[in-house]
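> structure05.pdb is reproduced in full below (PDB, C-alpha atoms and all ligand atoms).
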```pdb
ATOM      1  CA  MET A  26     -17.262  90.032-147.973  1.00  0.00           C
ATOM      2  CA  SER A  27     -14.808  89.512-145.166  1.00  0.00           C
ATOM      3  CA  ARG A  28     -13.670  92.650-143.369  1.00  0.00           C
ATOM      4  CA  ARG A  29     -10.637  92.943-141.141  1.00  0.00           C
ATOM      5  CA  VAL A  30     -11.691  92.819-137.493  1.00  0.00           C
ATOM      6  CA  LEU A  31      -9.896  94.572-134.660  1.00  0.00           C
ATOM      7  CA  VAL A  32     -10.011  93.197-131.121  1.00  0.00           C
ATOM      8  CA  SER A  33     -10.055  95.629-128.203  1.00  0.00           C
ATOM      9  CA  PRO A  34      -9.875  93.743-124.883  1.00  0.00           C
ATOM     10  CA  SER A  35     -11.594  95.598-122.035  1.00  0.00           C
ATOM     11  CA  LEU A  36      -9.372  96.040-118.995  1.00  0.00           C
ATOM     12  CA  LEU A  37     -12.478  96.112-116.794  1.00  0.00           C
ATOM     13  CA  SER A  38     -12.086  92.334-116.385  1.00  0.00           C
ATOM     14  CA  ALA A  39      -8.294  92.454-115.947  1.00  0.00           C
ATOM     15  CA  ASP A  40      -6.527  92.028-112.592  1.00  0.00           C
ATOM     16  CA  PHE A  41      -6.176  95.664-111.485  1.00  0.00           C
ATOM     17  CA  GLY A  42      -3.459  94.715-109.020  1.00  0.00           C
ATOM     18  CA  ARG A  43      -1.309  93.691-112.004  1.00  0.00           C
ATOM     19  CA  LEU A  44      -2.559  96.166-114.576  1.00  0.00           C
ATOM     20  CA  ALA A  45       0.771  96.754-116.345  1.00  0.00           C
ATOM     21  CA  GLU A  46       1.382  93.012-116.707  1.00  0.00           C
ATOM     22  CA  GLU A  47      -2.149  92.479-117.972  1.00  0.00           C
ATOM     23  CA  VAL A  48      -1.700  95.182-120.644  1.00  0.00           C
ATOM     24  CA  ARG A  49       1.576  93.598-121.783  1.00  0.00           C
ATOM     25  CA  ALA A  50       0.056  90.122-121.782  1.00  0.00           C
ATOM     26  CA  VAL A  51      -2.947  91.061-123.829  1.00  0.00           C
ATOM     27  CA  GLU A  52      -0.796  92.952-126.326  1.00  0.00           C
ATOM     28  CA  ALA A  53       1.519  89.957-126.662  1.00  0.00           C
ATOM     29  CA  ALA A  54      -1.609  87.860-127.219  1.00  0.00           C
ATOM     30  CA  GLY A  55      -2.542  89.974-130.255  1.00  0.00           C
ATOM     31  CA  ALA A  56      -4.804  92.793-128.996  1.00  0.00           C
ATOM     32  CA  ASP A  57      -5.176  95.557-131.599  1.00  0.00           C
ATOM     33  CA  TRP A  58      -6.404  98.203-129.175  1.00  0.00           C
ATOM     34  CA  ILE A  59      -6.785  98.453-125.402  1.00  0.00           C
ATOM     35  CA  HIS A  60     -10.335  99.289-124.260  1.00  0.00           C
ATOM     36  CA  VAL A  61     -10.497 101.415-121.106  1.00  0.00           C
ATOM     37  CA  ASP A  62     -13.865 101.833-119.352  1.00  0.00           C
ATOM     38  CA  VAL A  63     -14.325 105.095-117.451  1.00  0.00           C
ATOM     39  CA  MET A  64     -17.373 105.113-115.142  1.00  0.00           C
ATOM     40  CA  ASP A  65     -18.539 107.857-112.809  1.00  0.00           C
ATOM     41  CA  GLY A  66     -21.235 106.271-110.628  1.00  0.00           C
ATOM     42  CA  ARG A  67     -23.764 108.688-112.117  1.00  0.00           C
ATOM     43  CA  PHE A  68     -24.288 107.881-115.781  1.00  0.00           C
ATOM     44  CA  VAL A  69     -23.724 104.241-114.854  1.00  0.00           C
ATOM     45  CA  PRO A  70     -24.048 102.566-111.438  1.00  0.00           C
ATOM     46  CA  ASN A  71     -20.354 101.770-111.085  1.00  0.00           C
ATOM     47  CA  LEU A  72     -17.057 103.617-110.589  1.00  0.00           C
ATOM     48  CA  THR A  73     -13.764 102.789-112.233  1.00  0.00           C
ATOM     49  CA  LEU A  74     -10.879 105.061-113.095  1.00  0.00           C
ATOM     50  CA  GLY A  75      -9.841 108.469-114.363  1.00  0.00           C
ATOM     51  CA  PRO A  76      -6.998 110.188-116.227  1.00  0.00           C
ATOM     52  CA  VAL A  77      -4.351 109.209-113.650  1.00  0.00           C
ATOM     53  CA  VAL A  78      -4.854 105.518-114.402  1.00  0.00           C
ATOM     54  CA  VAL A  79      -5.136 106.138-118.160  1.00  0.00           C
ATOM     55  CA  ARG A  80      -1.725 107.806-117.973  1.00  0.00           C
ATOM     56  CA  ALA A  81      -0.302 104.788-116.150  1.00  0.00           C
ATOM     57  CA  ILE A  82      -1.731 102.436-118.804  1.00  0.00           C
ATOM     58  CA  LYS A  83      -0.271 104.657-121.529  1.00  0.00           C
ATOM     59  CA  ARG A  84       3.209 104.203-120.075  1.00  0.00           C
ATOM     60  CA  VAL A  85       3.126 100.463-120.777  1.00  0.00           C
ATOM     61  CA  ALA A  86       0.787 100.184-123.762  1.00  0.00           C
ATOM     62  CA  THR A  87       2.073 100.166-127.327  1.00  0.00           C
ATOM     63  CA  ARG A  88      -1.364  99.766-128.947  1.00  0.00           C
ATOM     64  CA  PRO A  89      -3.953 102.608-129.206  1.00  0.00           C
ATOM     65  CA  LEU A  90      -6.005 103.347-126.084  1.00  0.00           C
ATOM     66  CA  ASP A  91      -9.720 103.093-126.876  1.00  0.00           C
ATOM     67  CA  VAL A  92     -11.256 105.094-124.018  1.00  0.00           C
ATOM     68  CA  HIS A  93     -15.002 104.624-123.400  1.00  0.00           C
ATOM     69  CA  LEU A  94     -16.387 107.481-121.283  1.00  0.00           C
ATOM     70  CA  MET A  95     -19.475 106.468-119.295  1.00  0.00           C
ATOM     71  CA  ILE A  96     -19.673 109.790-117.473  1.00  0.00           C
ATOM     72  CA  VAL A  97     -22.018 112.759-117.349  1.00  0.00           C
ATOM     73  CA  GLU A  98     -20.725 116.026-118.841  1.00  0.00           C
ATOM     74  CA  PRO A  99     -17.822 114.326-120.635  1.00  0.00           C
ATOM     75  CA  GLU A 100     -16.824 117.672-122.183  1.00  0.00           C
ATOM     76  CA  ARG A 101     -15.364 118.658-118.802  1.00  0.00           C
ATOM     77  CA  TYR A 102     -12.750 115.896-118.963  1.00  0.00           C
ATOM     78  CA  ILE A 103     -11.802 115.633-122.636  1.00  0.00           C
ATOM     79  CA  ASP A 104      -8.574 117.598-122.331  1.00  0.00           C
ATOM     80  CA  ALA A 105      -7.518 115.607-119.261  1.00  0.00           C
ATOM     81  CA  PHE A 106      -8.027 112.270-121.041  1.00  0.00           C
ATOM     82  CA  ALA A 107      -6.312 113.586-124.172  1.00  0.00           C
ATOM     83  CA  GLU A 108      -3.287 114.638-122.132  1.00  0.00           C
ATOM     84  CA  ALA A 109      -3.307 111.291-120.330  1.00  0.00           C
ATOM     85  CA  GLY A 110      -2.830 109.536-123.675  1.00  0.00           C
ATOM     86  CA  ALA A 111      -6.225 108.473-125.030  1.00  0.00           C
ATOM     87  CA  ASP A 112      -6.059 107.761-128.774  1.00  0.00           C
ATOM     88  CA  ILE A 113      -9.810 107.355-129.273  1.00  0.00           C
ATOM     89  CA  LEU A 114     -12.374 109.052-127.008  1.00  0.00           C
ATOM     90  CA  THR A 115     -15.908 107.685-127.159  1.00  0.00           C
ATOM     91  CA  VAL A 116     -18.771 109.686-125.644  1.00  0.00           C
ATOM     92  CA  HIS A 117     -22.328 108.508-125.024  1.00  0.00           C
ATOM     93  CA  VAL A 118     -24.920 110.334-127.104  1.00  0.00           C
ATOM     94  CA  GLU A 119     -27.181 110.162-124.014  1.00  0.00           C
ATOM     95  CA  THR A 120     -24.734 112.424-122.117  1.00  0.00           C
ATOM     96  CA  CYS A 121     -24.167 115.045-124.843  1.00  0.00           C
ATOM     97  CA  PRO A 122     -26.810 117.708-125.513  1.00  0.00           C
ATOM     98  CA  HIS A 123     -24.234 119.435-127.759  1.00  0.00           C
ATOM     99  CA  LEU A 124     -22.867 116.323-129.400  1.00  0.00           C
ATOM    100  CA  ASN A 125     -21.444 118.053-132.463  1.00  0.00           C
ATOM    101  CA  ARG A 126     -19.523 120.497-130.284  1.00  0.00           C
ATOM    102  CA  THR A 127     -18.212 117.750-128.007  1.00  0.00           C
ATOM    103  CA  LEU A 128     -16.954 115.729-130.991  1.00  0.00           C
ATOM    104  CA  GLN A 129     -15.189 118.824-132.352  1.00  0.00           C
ATOM    105  CA  GLN A 130     -13.642 119.393-128.953  1.00  0.00           C
ATOM    106  CA  ILE A 131     -12.233 115.852-128.995  1.00  0.00           C
ATOM    107  CA  ARG A 132     -10.760 116.352-132.473  1.00  0.00           C
ATOM    108  CA  GLN A 133      -9.248 119.679-131.448  1.00  0.00           C
ATOM    109  CA  ALA A 134      -7.578 117.911-128.533  1.00  0.00           C
ATOM    110  CA  GLY A 135      -5.789 115.707-131.082  1.00  0.00           C
ATOM    111  CA  VAL A 136      -7.826 112.569-130.352  1.00  0.00           C
ATOM    112  CA  LYS A 137     -10.091 110.508-132.633  1.00  0.00           C
ATOM    113  CA  PRO A 138     -13.750 111.203-131.793  1.00  0.00           C
ATOM    114  CA  ALA A 139     -16.288 108.389-131.475  1.00  0.00           C
ATOM    115  CA  VAL A 140     -19.863 108.131-130.274  1.00  0.00           C
ATOM    116  CA  VAL A 141     -21.677 105.345-128.438  1.00  0.00           C
ATOM    117  CA  LEU A 142     -25.339 104.425-128.054  1.00  0.00           C
ATOM    118  CA  ASN A 143     -27.024 102.483-125.283  1.00  0.00           C
ATOM    119  CA  PRO A 144     -29.078  99.468-126.421  1.00  0.00           C
ATOM    120  CA  ALA A 145     -32.384 101.393-126.264  1.00  0.00           C
ATOM    121  CA  THR A 146     -31.195 104.568-128.020  1.00  0.00           C
ATOM    122  CA  PRO A 147     -32.439 104.815-131.636  1.00  0.00           C
ATOM    123  CA  LEU A 148     -29.727 104.911-134.314  1.00  0.00           C
ATOM    124  CA  VAL A 149     -31.153 108.173-135.690  1.00  0.00           C
ATOM    125  CA  ALA A 150     -29.708 109.892-132.598  1.00  0.00           C
ATOM    126  CA  VAL A 151     -26.295 109.821-134.322  1.00  0.00           C
ATOM    127  CA  GLU A 152     -27.393 110.166-137.944  1.00  0.00           C
ATOM    128  CA  GLU A 153     -26.376 113.831-138.166  1.00  0.00           C
ATOM    129  CA  VAL A 154     -22.850 113.235-136.861  1.00  0.00           C
ATOM    130  CA  LEU A 155     -21.907 110.108-138.828  1.00  0.00           C
ATOM    131  CA  GLY A 156     -19.530 112.192-140.939  1.00  0.00           C
ATOM    132  CA  GLU A 157     -17.840 113.637-137.842  1.00  0.00           C
ATOM    133  CA  VAL A 158     -16.766 110.439-136.112  1.00  0.00           C
ATOM    134  CA  GLU A 159     -14.075 107.817-136.623  1.00  0.00           C
ATOM    135  CA  MET A 160     -16.213 105.156-134.972  1.00  0.00           C
ATOM    136  CA  VAL A 161     -19.711 104.369-133.736  1.00  0.00           C
ATOM    137  CA  LEU A 162     -19.901 102.034-130.751  1.00  0.00           C
ATOM    138  CA  LEU A 163     -23.073 100.051-130.187  1.00  0.00           C
ATOM    139  CA  MET A 164     -23.570  98.804-126.643  1.00  0.00           C
ATOM    140  CA  SER A 165     -24.763  95.209-126.610  1.00  0.00           C
ATOM    141  CA  VAL A 166     -25.396  95.312-122.834  1.00  0.00           C
ATOM    142  CA  ASN A 167     -26.550  98.108-120.558  1.00  0.00           C
ATOM    143  CA  PRO A 168     -23.255  99.756-119.601  1.00  0.00           C
ATOM    144  CA  GLY A 169     -21.798  99.515-116.115  1.00  0.00           C
ATOM    145  CA  PHE A 170     -20.502  95.993-115.620  1.00  0.00           C
ATOM    146  CA  GLY A 171     -18.541  93.253-117.327  1.00  0.00           C
ATOM    147  CA  GLY A 172     -19.822  89.719-117.756  1.00  0.00           C
ATOM    148  CA  GLN A 173     -23.392  90.535-118.800  1.00  0.00           C
ATOM    149  CA  ARG A 174     -25.400  88.710-121.427  1.00  0.00           C
ATOM    150  CA  PHE A 175     -25.385  89.910-125.039  1.00  0.00           C
ATOM    151  CA  ILE A 176     -28.629  91.676-126.073  1.00  0.00           C
ATOM    152  CA  GLU A 177     -29.876  89.962-129.252  1.00  0.00           C
ATOM    153  CA  GLY A 178     -31.347  93.044-130.927  1.00  0.00           C
ATOM    154  CA  THR A 179     -27.785  94.348-131.368  1.00  0.00           C
ATOM    155  CA  VAL A 180     -27.203  92.193-134.455  1.00  0.00           C
ATOM    156  CA  ASP A 181     -29.956  93.964-136.364  1.00  0.00           C
ATOM    157  CA  ARG A 182     -28.759  97.353-135.086  1.00  0.00           C
ATOM    158  CA  VAL A 183     -25.295  96.645-136.469  1.00  0.00           C
ATOM    159  CA  ARG A 184     -26.829  95.695-139.824  1.00  0.00           C
ATOM    160  CA  ARG A 185     -28.854  98.922-139.956  1.00  0.00           C
ATOM    161  CA  LEU A 186     -25.882 101.067-138.914  1.00  0.00           C
ATOM    162  CA  ARG A 187     -23.730  99.362-141.575  1.00  0.00           C
ATOM    163  CA  ALA A 188     -26.349 100.300-144.186  1.00  0.00           C
ATOM    164  CA  MET A 189     -26.463 103.915-142.945  1.00  0.00           C
ATOM    165  CA  LEU A 190     -22.680 104.247-143.251  1.00  0.00           C
ATOM    166  CA  ASP A 191     -22.476 102.483-146.626  1.00  0.00           C
ATOM    167  CA  GLU A 192     -25.288 104.614-148.088  1.00  0.00           C
ATOM    168  CA  ARG A 193     -23.289 107.698-147.199  1.00  0.00           C
ATOM    169  CA  GLY A 194     -19.954 106.303-148.360  1.00  0.00           C
ATOM    170  CA  LEU A 195     -18.536 106.636-144.830  1.00  0.00           C
ATOM    171  CA  SER A 196     -15.797 104.415-143.454  1.00  0.00           C
ATOM    172  CA  ALA A 197     -16.266 104.881-139.693  1.00  0.00           C
ATOM    173  CA  GLU A 198     -15.556 101.761-137.649  1.00  0.00           C
ATOM    174  CA  ILE A 199     -18.485  99.937-136.039  1.00  0.00           C
ATOM    175  CA  GLU A 200     -17.502  98.686-132.587  1.00  0.00           C
ATOM    176  CA  VAL A 201     -19.637  96.428-130.397  1.00  0.00           C
ATOM    177  CA  ASP A 202     -19.221  96.213-126.602  1.00  0.00           C
ATOM    178  CA  GLY A 203     -20.796  93.783-124.132  1.00  0.00           C
ATOM    179  CA  GLY A 204     -21.261  90.033-123.976  1.00  0.00           C
ATOM    180  CA  ILE A 205     -18.886  89.405-126.876  1.00  0.00           C
ATOM    181  CA  ASN A 206     -17.496  85.886-127.282  1.00  0.00           C
ATOM    182  CA  ALA A 207     -16.588  83.802-130.344  1.00  0.00           C
ATOM    183  CA  GLU A 208     -20.244  83.190-131.179  1.00  0.00           C
ATOM    184  CA  THR A 209     -21.748  86.659-130.633  1.00  0.00           C
ATOM    185  CA  GLY A 210     -18.596  88.197-132.123  1.00  0.00           C
ATOM    186  CA  ARG A 211     -18.997  86.204-135.339  1.00  0.00           C
ATOM    187  CA  ARG A 212     -22.625  87.291-135.660  1.00  0.00           C
ATOM    188  CA  VAL A 213     -21.974  91.009-135.235  1.00  0.00           C
ATOM    189  CA  VAL A 214     -19.025  90.828-137.626  1.00  0.00           C
ATOM    190  CA  GLU A 215     -21.266  89.170-140.234  1.00  0.00           C
ATOM    191  CA  ALA A 216     -23.693  92.063-139.707  1.00  0.00           C
ATOM    192  CA  GLY A 217     -20.938  94.610-140.373  1.00  0.00           C
ATOM    193  CA  ALA A 218     -18.999  95.286-137.155  1.00  0.00           C
ATOM    194  CA  THR A 219     -15.264  95.976-137.495  1.00  0.00           C
ATOM    195  CA  VAL A 220     -14.092  96.275-133.856  1.00  0.00           C
ATOM    196  CA  LEU A 221     -14.948  93.873-131.032  1.00  0.00           C
ATOM    197  CA  VAL A 222     -14.588  94.767-127.362  1.00  0.00           C
ATOM    198  CA  ALA A 223     -14.266  91.735-125.112  1.00  0.00           C
ATOM    199  CA  GLY A 224     -13.668  91.842-121.371  1.00  0.00           C
ATOM    200  CA  SER A 225     -14.584  88.711-119.458  1.00  0.00           C
ATOM    201  CA  TYR A 226     -14.214  86.511-122.551  1.00  0.00           C
ATOM    202  CA  VAL A 227     -10.523  87.425-122.947  1.00  0.00           C
ATOM    203  CA  PHE A 228      -9.447  88.029-119.341  1.00  0.00           C
ATOM    204  CA  GLY A 229     -11.492  85.107-118.030  1.00  0.00           C
ATOM    205  CA  SER A 230      -9.772  82.732-120.404  1.00  0.00           C
ATOM    206  CA  ALA A 231      -6.675  80.701-119.565  1.00  0.00           C
ATOM    207  CA  ASP A 232      -5.131  81.561-122.933  1.00  0.00           C
ATOM    208  CA  TYR A 233      -5.567  85.192-123.985  1.00  0.00           C
ATOM    209  CA  ALA A 234      -4.068  84.568-127.443  1.00  0.00           C
ATOM    210  CA  GLU A 235      -6.489  81.746-128.170  1.00  0.00           C
ATOM    211  CA  ALA A 236      -9.453  83.863-127.030  1.00  0.00           C
ATOM    212  CA  ILE A 237      -8.390  86.798-129.224  1.00  0.00           C
ATOM    213  CA  ARG A 238      -7.780  84.497-132.202  1.00  0.00           C
ATOM    214  CA  SER A 239     -11.260  83.020-131.814  1.00  0.00           C
ATOM    215  CA  LEU A 240     -12.770  86.499-132.242  1.00  0.00           C
ATOM    216  CA  ARG A 241     -11.278  86.991-135.685  1.00  0.00           C
ATOM    217  CA  PRO A 242     -13.105  85.675-138.767  1.00  0.00           C
TER     218      PRO A 242
HETATM  219  C1  LIG B   1     -19.562  97.630-119.893  1.00  0.00           C
HETATM  220  C2  LIG B   1     -18.238  98.018-120.520  1.00  0.00           C
HETATM  221  C3  LIG B   1     -17.609  96.918-121.263  1.00  0.00           C
HETATM  222  C4  LIG B   1     -17.304  95.687-120.444  1.00  0.00           C
HETATM  223  C5  LIG B   1     -17.574  94.522-121.336  1.00  0.00           C
HETATM  224  O1  LIG B   1     -20.203  98.752-119.430  1.00  0.00           O
HETATM  225  O2  LIG B   1     -18.401  99.102-121.398  1.00  0.00           O
HETATM  226  O3  LIG B   1     -16.460  97.362-121.980  1.00  0.00           O
HETATM  227  O4  LIG B   1     -16.002  95.592-119.971  1.00  0.00           O
HETATM  228  O5  LIG B   1     -17.417  93.349-120.614  1.00  0.00           O
HETATM  229  P1  LIG B   1     -17.823  91.943-121.197  1.00  0.00           P
HETATM  230  O6  LIG B   1     -17.024  91.746-122.476  1.00  0.00           O
HETATM  231  O7  LIG B   1     -17.450  91.001-120.118  1.00  0.00           O
HETATM  232  O8  LIG B   1     -19.294  91.995-121.476  1.00  0.00           O
HETATM  233 ZN    ZN B   2     -16.690  99.607-122.742  1.00  0.00          ZN
END
```
Go ahead and express the file in the form of structure tokens.


Amino acid sequence: MSRRVLVSPSLLSADFGRLAEEVRAVEAAGADWIHVDVMDGRFVPNLTLGPVVVRAIKRVATRPLDVHLMIVEPERYIDAFAEAGADILTVHVETCPHLNRTLQQIRQAGVKPAVVLNPATPLVAVEEVLGEVEMVLLMSVNPGFGGQRFIEGTVDRVRRLRAMLDERGLSAEIEVDGGINAETGRRVVEAGATVLVAGSYVFGSADYAEAIRSLRP
């Protein structure tokens, strides 16, 4: 069965000195969503941006902002990112002792809630909230940096997550983030993924449209 696949280019590999142009270029090249990586230097060993920059991206973007929060205590910042214009807010299960509450808080802020797992976090960690989320993101690298190598075990994780959702009749998206290119993208889509994040593969290419096209089945 061939599913529709959405492509969400990660701005982490864009030229931050020309962020508005990069957003326009990637949208013109066919991006479905814009993936925004928020890092705090605590949950992950890197720092990126906060609500001020999300608001600036929102001013130029016409596609949904897919905001990936790699921060401790994300519940403290949900309202700020909602007000800044996030359309989807994804929190790491590893940062949320009260995951159900945090997901409700996101929904109450008028944003689509999603949850993400690091490569070593068992899928059962999100089993109880599968009905509460619009999307489950599986990390296929250890979060923190662009340009890392795809972790092979992700393909089987996608397959198992697809089975968990199908068994329950749930239609949440399965997104995969890290080391995605035409080859790894095809394999996770075959396993059941519906949204591909790609940073260095898209922004490192001379032709964004060609790179995005190559990610679709
Ligand atoms: C990594 C980020 C990713 C990153 C992916 O922590 O969550 O979104 O930008 O970059 P690539 O596609 O280059 O692996
Ligand atoms: Zn990301």

> Go through A:Asp57, A:Glu98, A:Glu159, A:Glu152 and flag the residue nearest Leu114 (chain A), using all atoms listed in the file for the distances.

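Answer, going by the shortest atom-to-atom distance: A:Glu159.
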
> Which value, in Å to one decimal, gives the distance between CA of Ile205 (chain A) and CA of Pro76 (chain A)?

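These two atoms are separated by 26.2 Å.
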
> What is the CA of Val222 (chain A)-CA of Asp104 (chain A) distance in Å, reported with one decimal?

24.1 Å

> Pick out the residues no farther than 9 Å from ligand LIG 1 (chain B), counting all atoms listed in the file, and list them as number ranges by chain.

A: 34-38, 60-64, 69, 71, 93-95, 164-175, 202-206, 222-229

> Residues picked by the PyMOL selection byres (((chain A and resi 185) around 12) and not hetatm) here, as a PyMOL selection string?

chain A and resi 147-149+152+163+178-184+186-192+199+213+216-218

> With C-alpha atoms kept, could you save the residues just selected as a compact mmCIF listing (two decimals), keeping the file's coordinate frame?


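Generated output (out-v9.txt):
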```txt
# COMPACT_ATOMS: atom_id res chain seq x y z
CA PRO A 147 -32.44 104.82 -131.64
CA LEU A 148 -29.73 104.91 -134.31
CA VAL A 149 -31.15 108.17 -135.69
CA GLU A 152 -27.39 110.17 -137.94
CA LEU A 163 -23.07 100.05 -130.19
CA GLY A 178 -31.35 93.04 -130.93
CA THR A 179 -27.78 94.35 -131.37
CA VAL A 180 -27.20 92.19 -134.46
CA ASP A 181 -29.96 93.96 -136.36
CA ARG A 182 -28.76 97.35 -135.09
CA VAL A 183 -25.30 96.64 -136.47
CA ARG A 184 -26.83 95.70 -139.82
CA LEU A 186 -25.88 101.07 -138.91
CA ARG A 187 -23.73 99.36 -141.57
CA ALA A 188 -26.35 100.30 -144.19
CA MET A 189 -26.46 103.92 -142.94
CA LEU A 190 -22.68 104.25 -143.25
CA ASP A 191 -22.48 102.48 -146.63
CA GLU A 192 -25.29 104.61 -148.09
CA ILE A 199 -18.48 99.94 -136.04
CA VAL A 213 -21.97 91.01 -135.24
CA ALA A 216 -23.69 92.06 -139.71
CA GLY A 217 -20.94 94.61 -140.37
CA ALA A 218 -19.00 95.29 -137.16
```

> Can you turn the PyMOL selection byres (((chain A and resi 82-92) around 8) and not hetatm) into a concrete residue list for this file, as a PyMOL selection string?

chain A and resi 33+44-45+48-49+52+56-63+78-81+93-94+109-115

> Need the shell around Val118 (chain A): protein/DNA/RNA residues with any atom at most 8 Å away, counting all atoms listed in the file. Skip same-chain ones fewer than 2 positions apart. Format as a list in words?

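Counting only the stated atoms, we get Val116, Thr120, Cys121, Pro122, Leu124, Val140, Val141, Leu142, Ala150 and Val151 of chain A.
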
> Nearest residue to ligand ZN 2 (chain B) out of A:Val214, A:Leu128, A:Ile96, A:Ala134, using all atoms listed in the file?

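Of A:Val214, A:Leu128, A:Ile96, A:Ala134, the one nearest ligand ZN 2 (chain B) is A:Ile96, counting all atoms listed in the file.
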
> Pick the closest to Ala197 (chain A) from A:Arg211, A:Asp232, A:Leu221, A:Pro138: which is it, counting all atoms listed in the file?

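Closest to Ala197 (chain A), using all atoms listed in the file: A:Pro138.
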
> Could you check the closest approach to ligand ZN 2 (chain B) for each of A:Arg126, A:His117, A:Arg132, A:Lys137 and tell me which residue wins, using all atoms listed in the file?

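Among A:Arg126, A:His117, A:Arg132, A:Lys137, it is A:His117 that comes nearest to ligand ZN 2 (chain B).
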
> Identify which of the residues A:His123, A:Leu162, A:Glu215, A:Glu235 lies closest to ligand ZN 2 (chain B), counting only C-alpha atoms and all ligand atoms when measuring atom-to-atom distances.

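Under the stated criterion, the closest residue is A:Leu162.
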
> Calculated over all atoms listed in the file, which of the candidates A:Glu208, A:Glu200, A:Glu153, A:Glu47 has the smallest distance to ligand ZN 2 (chain B)?

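Residue with the minimum atom-to-atom distance to ligand ZN 2 (chain B): A:Glu200.
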
> CA of Ala105 (chain A) and CA of Val201 (chain A) are how many Å apart?

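Separating CA of Ala105 (chain A) from CA of Val201 (chain A) is a distance of 25.3 Å.
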